[in-house]
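> Just upload-v6.pdb, nothing more (PDB, C-alpha atoms and all ligand atoms):
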ATOM      1  CA  MET G 298     103.755 127.491 100.264  1.00  0.00           C
ATOM      2  CA  ALA G 299      99.970 127.215 100.794  1.00  0.00           C
ATOM      3  CA  ILE G 300     100.175 126.804 104.542  1.00  0.00           C
ATOM      4  CA  GLU G 301     102.840 127.090 107.180  1.00  0.00           C
ATOM      5  CA  ILE G 302     102.016 126.981 110.872  1.00  0.00           C
ATOM      6  CA  ASP G 303     104.860 127.369 113.329  1.00  0.00           C
ATOM      7  CA  LEU G 304     104.051 125.785 116.687  1.00  0.00           C
ATOM      8  CA  SER G 305     107.510 126.032 118.227  1.00  0.00           C
ATOM      9  CA  ASP G 306     106.229 128.557 120.816  1.00  0.00           C
ATOM     10  CA  VAL G 307     103.245 126.499 121.901  1.00  0.00           C
ATOM     11  CA  ARG G 308     103.931 124.934 125.272  1.00  0.00           C
ATOM     12  CA  ARG G 309     102.476 124.681 128.713  1.00  0.00           C
ATOM     13  CA  ASP G 310     103.796 123.610 132.043  1.00  0.00           C
ATOM     14  CA  TYR G 311     102.597 120.475 133.741  1.00  0.00           C
ATOM     15  CA  GLU G 312     102.099 121.017 137.432  1.00  0.00           C
ATOM     16  CA  THR G 313     101.143 117.849 139.196  1.00  0.00           C
ATOM     17  CA  HIS G 314     102.362 115.738 142.071  1.00  0.00           C
ATOM     18  CA  ALA G 315     105.329 113.606 141.199  1.00  0.00           C
ATOM     19  CA  ILE G 316     104.592 109.896 141.225  1.00  0.00           C
ATOM     20  CA  SER G 317     106.892 107.307 142.674  1.00  0.00           C
ATOM     21  CA  ARG G 318     106.900 103.573 142.176  1.00  0.00           C
ATOM     22  CA  LYS G 319     105.313 103.001 145.562  1.00  0.00           C
ATOM     23  CA  ASP G 320     102.235 104.974 144.447  1.00  0.00           C
ATOM     24  CA  MET G 321     101.753 102.532 141.608  1.00  0.00           C
ATOM     25  CA  ASP G 322      99.880  99.268 142.011  1.00  0.00           C
ATOM     26  CA  PRO G 323     102.053  96.201 141.277  1.00  0.00           C
ATOM     27  CA  ASP G 324      99.345  95.116 138.843  1.00  0.00           C
ATOM     28  CA  PRO G 325      99.289  97.412 135.779  1.00  0.00           C
ATOM     29  CA  PHE G 326      95.647  96.532 135.084  1.00  0.00           C
ATOM     30  CA  VAL G 327      94.671  97.810 138.536  1.00  0.00           C
ATOM     31  CA  GLN G 328      96.767 100.923 137.970  1.00  0.00           C
ATOM     32  CA  PHE G 329      95.168 101.474 134.579  1.00  0.00           C
ATOM     33  CA  GLY G 330      91.726 101.045 136.145  1.00  0.00           C
ATOM     34  CA  ARG G 331      92.510 103.801 138.667  1.00  0.00           C
ATOM     35  CA  TRP G 332      93.630 106.278 136.011  1.00  0.00           C
ATOM     36  CA  LEU G 333      90.695 105.459 133.749  1.00  0.00           C
ATOM     37  CA  GLN G 334      88.276 105.851 136.671  1.00  0.00           C
ATOM     38  CA  ARG G 335      89.725 109.263 137.462  1.00  0.00           C
ATOM     39  CA  ALA G 336      89.176 110.369 133.854  1.00  0.00           C
ATOM     40  CA  ARG G 337      85.637 108.985 133.870  1.00  0.00           C
ATOM     41  CA  ASP G 338      84.789 110.523 137.269  1.00  0.00           C
ATOM     42  CA  LEU G 339      85.599 113.950 135.863  1.00  0.00           C
ATOM     43  CA  GLU G 340      83.476 113.134 132.813  1.00  0.00           C
ATOM     44  CA  LEU G 341      86.287 113.974 130.436  1.00  0.00           C
ATOM     45  CA  LEU G 342      85.086 113.951 126.855  1.00  0.00           C
ATOM     46  CA  ASP G 343      86.058 110.656 125.219  1.00  0.00           C
ATOM     47  CA  ALA G 344      87.812 109.419 128.364  1.00  0.00           C
ATOM     48  CA  THR G 345      87.643 105.910 126.889  1.00  0.00           C
ATOM     49  CA  ALA G 346      89.106 106.881 123.507  1.00  0.00           C
ATOM     50  CA  MET G 347      92.418 105.254 122.639  1.00  0.00           C
ATOM     51  CA  THR G 348      94.698 105.538 119.644  1.00  0.00           C
ATOM     52  CA  LEU G 349      95.254 102.146 118.074  1.00  0.00           C
ATOM     53  CA  ALA G 350      98.454 101.778 116.053  1.00  0.00           C
ATOM     54  CA  THR G 351      98.924  98.869 113.685  1.00  0.00           C
ATOM     55  CA  ALA G 352     101.460  98.151 110.964  1.00  0.00           C
ATOM     56  CA  ASP G 353     101.211  96.502 107.590  1.00  0.00           C
ATOM     57  CA  PRO G 354     103.437  93.535 106.709  1.00  0.00           C
ATOM     58  CA  GLY G 355     106.016  95.984 105.306  1.00  0.00           C
ATOM     59  CA  GLY G 356     106.246  97.677 108.721  1.00  0.00           C
ATOM     60  CA  ARG G 357     104.418 100.858 107.645  1.00  0.00           C
ATOM     61  CA  PRO G 358     102.477 102.093 110.675  1.00  0.00           C
ATOM     62  CA  SER G 359      98.994 103.608 110.774  1.00  0.00           C
ATOM     63  CA  ALA G 360      96.985 104.921 113.707  1.00  0.00           C
ATOM     64  CA  ARG G 361      93.398 105.851 114.468  1.00  0.00           C
ATOM     65  CA  VAL G 362      91.127 106.351 117.472  1.00  0.00           C
ATOM     66  CA  VAL G 363      88.780 103.620 118.697  1.00  0.00           C
ATOM     67  CA  LEU G 364      86.735 103.347 121.885  1.00  0.00           C
ATOM     68  CA  LEU G 365      87.680 101.002 124.690  1.00  0.00           C
ATOM     69  CA  LYS G 366      84.637  98.848 125.420  1.00  0.00           C
ATOM     70  CA  HIS G 367      85.955  96.388 127.963  1.00  0.00           C
ATOM     71  CA  VAL G 368      89.126  95.875 129.950  1.00  0.00           C
ATOM     72  CA  ASP G 369      90.049  93.113 132.372  1.00  0.00           C
ATOM     73  CA  GLU G 370      93.141  91.029 133.178  1.00  0.00           C
ATOM     74  CA  GLU G 371      92.868  89.447 129.742  1.00  0.00           C
ATOM     75  CA  GLY G 372      93.233  92.682 127.830  1.00  0.00           C
ATOM     76  CA  PHE G 373      91.742  95.753 126.184  1.00  0.00           C
ATOM     77  CA  CYS G 374      88.734  95.291 123.862  1.00  0.00           C
ATOM     78  CA  TRP G 375      87.124  97.336 121.105  1.00  0.00           C
ATOM     79  CA  TYR G 376      84.796  96.705 118.180  1.00  0.00           C
ATOM     80  CA  SER G 377      85.383  97.366 114.531  1.00  0.00           C
ATOM     81  CA  ASP G 378      85.053  96.102 110.970  1.00  0.00           C
ATOM     82  CA  ALA G 379      87.494  93.305 110.131  1.00  0.00           C
ATOM     83  CA  ARG G 380      87.524  94.499 106.495  1.00  0.00           C
ATOM     84  CA  SER G 381      88.967  97.886 107.515  1.00  0.00           C
ATOM     85  CA  GLN G 382      92.596  98.861 107.094  1.00  0.00           C
ATOM     86  CA  LYS G 383      93.349  98.117 110.731  1.00  0.00           C
ATOM     87  CA  GLY G 384      91.426  94.836 110.519  1.00  0.00           C
ATOM     88  CA  GLN G 385      93.519  93.696 107.590  1.00  0.00           C
ATOM     89  CA  GLU G 386      96.732  94.860 109.210  1.00  0.00           C
ATOM     90  CA  ILE G 387      95.914  92.994 112.413  1.00  0.00           C
ATOM     91  CA  ASP G 388      95.197  89.827 110.404  1.00  0.00           C
ATOM     92  CA  ALA G 389      98.619  90.092 108.750  1.00  0.00           C
ATOM     93  CA  ASN G 390     100.521  91.331 111.798  1.00  0.00           C
ATOM     94  CA  PRO G 391      98.799  91.003 115.188  1.00  0.00           C
ATOM     95  CA  GLN G 392     101.289  93.229 117.041  1.00  0.00           C
ATOM     96  CA  ALA G 393      99.699  96.567 117.923  1.00  0.00           C
ATOM     97  CA  ALA G 394      99.884  99.483 120.326  1.00  0.00           C
ATOM     98  CA  LEU G 395      97.269 101.449 122.238  1.00  0.00           C
ATOM     99  CA  LEU G 396      97.615 104.963 123.550  1.00  0.00           C
ATOM    100  CA  PHE G 397      95.365 106.744 126.013  1.00  0.00           C
ATOM    101  CA  HIS G 398      95.849 110.474 126.474  1.00  0.00           C
ATOM    102  CA  TRP G 399      94.054 112.330 129.262  1.00  0.00           C
ATOM    103  CA  ARG G 400      95.355 115.811 128.706  1.00  0.00           C
ATOM    104  CA  ASP G 401      93.442 117.329 131.644  1.00  0.00           C
ATOM    105  CA  PHE G 402      95.659 115.270 133.965  1.00  0.00           C
ATOM    106  CA  SER G 403      98.757 115.425 131.755  1.00  0.00           C
ATOM    107  CA  ARG G 404      98.711 111.667 131.557  1.00  0.00           C
ATOM    108  CA  GLN G 405      99.231 109.091 128.895  1.00  0.00           C
ATOM    109  CA  VAL G 406      99.253 105.297 129.028  1.00  0.00           C
ATOM    110  CA  ARG G 407     100.920 103.197 126.359  1.00  0.00           C
ATOM    111  CA  VAL G 408     100.071  99.517 125.998  1.00  0.00           C
ATOM    112  CA  HIS G 409     101.727  97.165 123.525  1.00  0.00           C
ATOM    113  CA  GLY G 410     100.791  93.598 122.754  1.00  0.00           C
ATOM    114  CA  ARG G 411      99.229  91.031 120.542  1.00  0.00           C
ATOM    115  CA  VAL G 412      95.717  91.341 119.181  1.00  0.00           C
ATOM    116  CA  THR G 413      93.205  88.504 118.990  1.00  0.00           C
ATOM    117  CA  ARG G 414      89.633  88.454 117.722  1.00  0.00           C
ATOM    118  CA  LEU G 415      86.831  88.043 120.261  1.00  0.00           C
ATOM    119  CA  PRO G 416      84.243  85.308 119.675  1.00  0.00           C
ATOM    120  CA  ALA G 417      81.424  86.357 117.321  1.00  0.00           C
ATOM    121  CA  ASP G 418      78.984  85.977 120.250  1.00  0.00           C
ATOM    122  CA  ASP G 419      80.602  88.925 122.030  1.00  0.00           C
ATOM    123  CA  ALA G 420      80.245  91.089 118.924  1.00  0.00           C
ATOM    124  CA  GLU G 421      76.627  90.002 118.581  1.00  0.00           C
ATOM    125  CA  LYS G 422      75.832  90.924 122.186  1.00  0.00           C
ATOM    126  CA  TYR G 423      77.494  94.306 121.926  1.00  0.00           C
ATOM    127  CA  PHE G 424      75.988  95.029 118.495  1.00  0.00           C
ATOM    128  CA  LEU G 425      72.500  94.593 119.951  1.00  0.00           C
ATOM    129  CA  MET G 426      73.316  97.046 122.753  1.00  0.00           C
ATOM    130  CA  ARG G 427      74.232  99.816 120.297  1.00  0.00           C
ATOM    131  CA  PRO G 428      71.725 102.533 119.368  1.00  0.00           C
ATOM    132  CA  GLU G 429      69.627 101.678 116.327  1.00  0.00           C
ATOM    133  CA  GLY G 430      71.200 104.414 114.176  1.00  0.00           C
ATOM    134  CA  SER G 431      74.702 103.040 114.851  1.00  0.00           C
ATOM    135  CA  ARG G 432      73.596  99.524 113.918  1.00  0.00           C
ATOM    136  CA  PHE G 433      72.233 100.692 110.578  1.00  0.00           C
ATOM    137  CA  SER G 434      75.357 102.742 109.882  1.00  0.00           C
ATOM    138  CA  ALA G 435      77.598  99.763 110.635  1.00  0.00           C
ATOM    139  CA  ALA G 436      75.508  97.568 108.348  1.00  0.00           C
ATOM    140  CA  ALA G 437      75.655 100.143 105.540  1.00  0.00           C
ATOM    141  CA  SER G 438      79.406 100.695 105.792  1.00  0.00           C
ATOM    142  CA  HIS G 439      82.218  98.619 104.373  1.00  0.00           C
ATOM    143  CA  GLN G 440      84.764 100.394 106.530  1.00  0.00           C
ATOM    144  CA  SER G 441      87.806 101.976 104.846  1.00  0.00           C
ATOM    145  CA  THR G 442      86.752 101.223 101.257  1.00  0.00           C
ATOM    146  CA  GLU G 443      86.035 103.951  98.704  1.00  0.00           C
ATOM    147  CA  VAL G 444      82.451 105.166  98.501  1.00  0.00           C
ATOM    148  CA  GLU G 445      81.160 107.267  95.625  1.00  0.00           C
ATOM    149  CA  SER G 446      79.466 109.911  97.752  1.00  0.00           C
ATOM    150  CA  ARG G 447      77.841 110.518 101.114  1.00  0.00           C
ATOM    151  CA  SER G 448      74.417 110.136  99.494  1.00  0.00           C
ATOM    152  CA  HIS G 449      75.319 106.577  98.463  1.00  0.00           C
ATOM    153  CA  LEU G 450      75.891 105.748 102.122  1.00  0.00           C
ATOM    154  CA  GLU G 451      72.676 107.480 103.175  1.00  0.00           C
ATOM    155  CA  ASP G 452      70.711 105.651 100.460  1.00  0.00           C
ATOM    156  CA  GLU G 453      72.099 102.364 101.709  1.00  0.00           C
ATOM    157  CA  VAL G 454      70.933 103.190 105.245  1.00  0.00           C
ATOM    158  CA  LEU G 455      67.463 104.028 103.874  1.00  0.00           C
ATOM    159  CA  ARG G 456      67.390 100.764 101.930  1.00  0.00           C
ATOM    160  CA  LEU G 457      68.277  98.808 105.063  1.00  0.00           C
ATOM    161  CA  ARG G 458      65.738 100.704 107.160  1.00  0.00           C
ATOM    162  CA  ALA G 459      63.053  99.750 104.629  1.00  0.00           C
ATOM    163  CA  ALA G 460      64.214  96.124 104.655  1.00  0.00           C
ATOM    164  CA  TYR G 461      64.291  95.990 108.480  1.00  0.00           C
ATOM    165  CA  PRO G 462      61.480  98.301 109.623  1.00  0.00           C
ATOM    166  CA  ASP G 463      61.641  96.822 113.152  1.00  0.00           C
ATOM    167  CA  GLY G 464      65.267  97.939 113.438  1.00  0.00           C
ATOM    168  CA  ASP G 465      66.599  94.387 113.654  1.00  0.00           C
ATOM    169  CA  VAL G 466      69.247  94.849 110.973  1.00  0.00           C
ATOM    170  CA  PRO G 467      71.746  91.978 111.265  1.00  0.00           C
ATOM    171  CA  ARG G 468      75.303  92.526 112.383  1.00  0.00           C
ATOM    172  CA  PRO G 469      77.663  92.331 109.407  1.00  0.00           C
ATOM    173  CA  GLU G 470      79.743  89.178 109.890  1.00  0.00           C
ATOM    174  CA  SER G 471      82.903  91.261 109.662  1.00  0.00           C
ATOM    175  CA  TRP G 472      81.819  93.547 112.518  1.00  0.00           C
ATOM    176  CA  LEU G 473      83.859  92.056 115.325  1.00  0.00           C
ATOM    177  CA  GLY G 474      85.466  92.576 118.677  1.00  0.00           C
ATOM    178  CA  TYR G 475      89.219  92.624 119.229  1.00  0.00           C
ATOM    179  CA  ARG G 476      91.371  92.229 122.300  1.00  0.00           C
ATOM    180  CA  LEU G 477      94.907  93.484 122.781  1.00  0.00           C
ATOM    181  CA  VAL G 478      96.732  91.265 125.279  1.00  0.00           C
ATOM    182  CA  PRO G 479      99.350  93.514 126.903  1.00  0.00           C
ATOM    183  CA  GLU G 480     103.052  92.702 126.932  1.00  0.00           C
ATOM    184  CA  TYR G 481     104.111  96.198 127.971  1.00  0.00           C
ATOM    185  CA  PHE G 482     102.571  99.111 129.876  1.00  0.00           C
ATOM    186  CA  GLU G 483     103.886 102.613 130.336  1.00  0.00           C
ATOM    187  CA  PHE G 484     102.260 105.161 132.626  1.00  0.00           C
ATOM    188  CA  TRP G 485     103.373 108.709 131.885  1.00  0.00           C
ATOM    189  CA  GLN G 486     102.681 111.651 134.135  1.00  0.00           C
ATOM    190  CA  GLY G 487     103.616 115.123 132.929  1.00  0.00           C
ATOM    191  CA  GLN G 488     105.707 117.147 135.383  1.00  0.00           C
ATOM    192  CA  GLU G 489     107.164 120.600 135.726  1.00  0.00           C
ATOM    193  CA  ASN G 490     110.072 121.538 133.469  1.00  0.00           C
ATOM    194  CA  ARG G 491     109.518 118.401 131.409  1.00  0.00           C
ATOM    195  CA  LEU G 492     111.015 116.167 134.105  1.00  0.00           C
ATOM    196  CA  HIS G 493     108.179 113.759 133.543  1.00  0.00           C
ATOM    197  CA  ASP G 494     107.454 110.500 135.361  1.00  0.00           C
ATOM    198  CA  ARG G 495     107.468 107.305 133.318  1.00  0.00           C
ATOM    199  CA  ILE G 496     106.753 103.976 134.947  1.00  0.00           C
ATOM    200  CA  VAL G 497     107.023 100.858 132.813  1.00  0.00           C
ATOM    201  CA  TYR G 498     105.682  97.352 133.490  1.00  0.00           C
ATOM    202  CA  THR G 499     106.965  94.253 131.712  1.00  0.00           C
ATOM    203  CA  PRO G 500     105.839  90.664 132.312  1.00  0.00           C
ATOM    204  CA  VAL G 501     107.881  88.331 134.509  1.00  0.00           C
ATOM    205  CA  GLU G 502     107.080  84.815 135.717  1.00  0.00           C
ATOM    206  CA  SER G 503     105.493  86.000 138.954  1.00  0.00           C
ATOM    207  CA  GLY G 504     103.482  88.836 137.378  1.00  0.00           C
ATOM    208  CA  TRP G 505     104.857  92.196 136.310  1.00  0.00           C
ATOM    209  CA  ALA G 506     108.168  93.956 136.904  1.00  0.00           C
ATOM    210  CA  MET G 507     108.088  97.706 137.315  1.00  0.00           C
ATOM    211  CA  LYS G 508     110.817 100.232 136.565  1.00  0.00           C
ATOM    212  CA  ARG G 509     111.178 103.954 136.062  1.00  0.00           C
ATOM    213  CA  ILE G 510     112.537 105.221 132.774  1.00  0.00           C
ATOM    214  CA  SER G 511     113.956 108.602 131.921  1.00  0.00           C
ATOM    215  CA  PRO G 512     111.633 111.223 130.443  1.00  0.00           C
TER     216      PRO G 512
HETATM  217  C1  LIG G 601      86.413 109.391 119.231  1.00  0.00           C
HETATM  218  C2  LIG G 601      86.440 108.343 118.133  1.00  0.00           C
HETATM  219  C3  LIG G 601      85.991 107.072 118.413  1.00  0.00           C
HETATM  220  C4  LIG G 601      86.017 106.073 117.432  1.00  0.00           C
HETATM  221  N1  LIG G 601      85.651 104.798 117.771  1.00  0.00           N
HETATM  222  C5  LIG G 601      85.762 103.807 116.851  1.00  0.00           C
HETATM  223  C6  LIG G 601      85.537 102.447 117.231  1.00  0.00           C
HETATM  224  O1  LIG G 601      85.263 102.123 118.397  1.00  0.00           O
HETATM  225  N2  LIG G 601      85.647 101.504 116.259  1.00  0.00           N
HETATM  226  C7  LIG G 601      85.991 101.814 114.968  1.00  0.00           C
HETATM  227  O2  LIG G 601      86.052 100.908 114.134  1.00  0.00           O
HETATM  228  N3  LIG G 601      86.250 103.075 114.595  1.00  0.00           N
HETATM  229  C8  LIG G 601      86.154 104.087 115.504  1.00  0.00           C
HETATM  230  N4  LIG G 601      86.439 105.390 115.142  1.00  0.00           N
HETATM  231  C9  LIG G 601      86.806 105.667 113.738  1.00  0.00           C
HETATM  232  C10 LIG G 601      88.292 105.288 113.528  1.00  0.00           C
HETATM  233  O3  LIG G 601      89.128 106.286 114.070  1.00  0.00           O
HETATM  234  C11 LIG G 601      88.644 105.068 112.037  1.00  0.00           C
HETATM  235  O4  LIG G 601      88.260 106.173 111.264  1.00  0.00           O
HETATM  236  C12 LIG G 601      87.979 103.825 111.457  1.00  0.00           C
HETATM  237  O5  LIG G 601      87.956 102.765 112.395  1.00  0.00           O
HETATM  238  C13 LIG G 601      88.694 103.360 110.193  1.00  0.00           C
HETATM  239  O6  LIG G 601      90.045 103.133 110.476  1.00  0.00           O
HETATM  240  P1  LIG G 601      91.026 102.331 109.486  1.00  0.00           P
HETATM  241  O7  LIG G 601      90.654 102.733 108.085  1.00  0.00           O
HETATM  242  O8  LIG G 601      92.405 102.771 109.871  1.00  0.00           O
HETATM  243  O9  LIG G 601      90.806 100.865 109.714  1.00  0.00           O
HETATM  244  C14 LIG G 601      86.447 106.384 116.107  1.00  0.00           C
HETATM  245  C15 LIG G 601      86.911 107.694 115.844  1.00  0.00           C
HETATM  246  C16 LIG G 601      86.915 108.641 116.844  1.00  0.00           C
HETATM  247  C17 LIG G 601      87.475 110.015 116.535  1.00  0.00           C
END
Output the structure of this file as structure tokens.
Ligand SMILES: Cc1cc2nc3c(=O)[nH]c(=O)nc-3n(C[C@H](O)[C@H](O)[C@H](O)COP(=O)(O)O)c2cc1C


Amino acid sequence: MAIEIDLSDVRRDYETHAISRKDMDPDPFVQFGRWLQRARDLELLDATAMTLATADPGGRPSARVVLLKHVDEEGFCWYSDARSQKGQEIDANPQAALLFHWRDFSRQVRVHGRVTRLPADDAEKYFLMRPEGSRFSAAASHQSTEVESRSHLEDEVLRLRAAYPDGDVPRPESWLGYRLVPEYFEFWQGQENRLHDRIVYTPVESGWAMKRISP
């Protein structure tokens, strides 16, 4: 065996205040906003990073990290390349899941729902806000497809920089925004002795119903 790492002894205790349903806002978006703000206030590294899980038409899941760029009552938005693996999976099966993990607070938030594409205008606006280097990299990359070597990618960036010396490289048409429209939220707070808090929100006619589930 080339490698074997036993992690069965790795554990830590979570010592935080227990949360009860009355501490939680009836609106899961408001509640999410509070937890996100807490993570951002403490300047946690990648506080806005979320794991995005998709599945191919055969039900095989895949997951990767993307950055949350906008959230409001309509949903959670990020930007990516529609030609990527996740882009293709979302086209074929728009059901997806998001996971935020703020380990410094022993918190995670799970959000499930349906993904839609944002209008191209939104992608255009955000693309122009990105640093120049990121714009060139996005234009040089056909995300998730095989590339011969790193130098091929770097040469492509150089070629584009020569073609657009003012930095105004166009947004690739496939570089788009996505929105996950939530149908389920779970707020998880780690607690002592693994008796964790889990508060779930599901949609009802008048808004959202909240319940506690077992850890
Ligand atoms: C912290 C972090 C942030 C990332 N943010 C994004 C992002 O906002 N959009 C994106 O397309 N990829 C982002 N990535 C790269 C993705 O994790 C992934 O490698 C890429 O999107 C290709 O995924 P796919 O082949 O499964 O489609 C990020 C990775 C990390 C670690």

> Have a look at atom CA of His314 of chain G and atom CA of Gly330 of chain G and let me know their distance in Å, one decimal.

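Result for atom CA of His314 of chain G versus atom CA of Gly330 of chain G: 19.1 Å, one decimal.
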
> Mind listing the residues within 7 Å of ligand LIG 601 (chain G), all atoms listed in the file counted, as a ChimeraX atom specification?

/G:343,346,359-365,375-378,381-384,440-441

> Return as a ChimeraX atom specification the set of residues that the PyMOL selection byres (((chain G and resi 336-339) around 12) and not hetatm) yields on the displayed structure.

/G:329-335,340-346,397-405

> What gap, in Å, lies between atom CA of Gln392 of chain G and atom CA of Thr442 of chain G?

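Taking atom CA of Gln392 of chain G as the start and atom CA of Thr442 of chain G as the end point, the length is 22.9 Å.
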
> Just so the selection is clear, what residues does the PyMOL selection byres (((chain G and resi 434) around 12) and not hetatm) cover here, as number ranges by chain?

G: 378, 424, 427-433, 435-440, 447, 450-458, 464, 466-469, 472

> Nearest to Arg495 of chain G among G:Pro512, G:Pro354, G:Pro479, G:Pro391, with distances taken over only C-alpha atoms: which residue is it?

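Using only C-alpha atoms, the shortest distance to Arg495 of chain G belongs to G:Pro512.
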
> Can you rebuild segment 499-511 of chain G with N, CA and C atoms and give it as a short mmCIF file (atom, residue, chain, number, x, y, z; two decimals), keeping the file's coordinate frame?


data_model
loop_
_atom_site.label_atom_id
_atom_site.label_comp_id
_atom_site.auth_asym_id
_atom_site.auth_seq_id
_atom_site.Cartn_x
_atom_site.Cartn_y
_atom_site.Cartn_z
N THR G 499 106.75 95.34 132.68
CA THR G 499 106.96 94.25 131.71
C THR G 499 106.68 92.93 132.42
N PRO G 500 106.22 91.92 131.66
CA PRO G 500 105.84 90.66 132.31
C PRO G 500 107.05 89.87 132.80
N VAL G 501 106.91 89.28 133.98
CA VAL G 501 107.88 88.33 134.51
C VAL G 501 107.08 87.11 134.98
N GLU G 502 107.79 86.06 135.37
CA GLU G 502 107.08 84.82 135.72
C GLU G 502 106.02 85.02 136.80
N SER G 503 106.39 85.84 137.80
CA SER G 503 105.49 86.00 138.95
C SER G 503 104.46 87.10 138.74
N GLY G 504 104.43 87.74 137.60
CA GLY G 504 103.48 88.84 137.38
C GLY G 504 104.10 89.90 136.49
N TRP G 505 104.31 91.08 137.10
CA TRP G 505 104.86 92.20 136.31
C TRP G 505 106.01 92.83 137.06
N ALA G 506 107.07 93.19 136.32
CA ALA G 506 108.17 93.96 136.90
C ALA G 506 107.94 95.42 136.56
N MET G 507 108.31 96.27 137.52
CA MET G 507 108.09 97.71 137.32
C MET G 507 109.42 98.43 137.34
N LYS G 508 109.61 99.40 136.49
CA LYS G 508 110.82 100.23 136.56
C LYS G 508 110.49 101.64 136.11
N ARG G 509 111.33 102.56 136.51
CA ARG G 509 111.18 103.95 136.06
C ARG G 509 112.11 104.17 134.89
N ILE G 510 111.63 104.86 133.86
CA ILE G 510 112.54 105.22 132.77
C ILE G 510 112.62 106.74 132.66
N SER G 511 113.66 107.18 132.02
CA SER G 511 113.96 108.60 131.92
C SER G 511 112.96 109.31 130.99
#
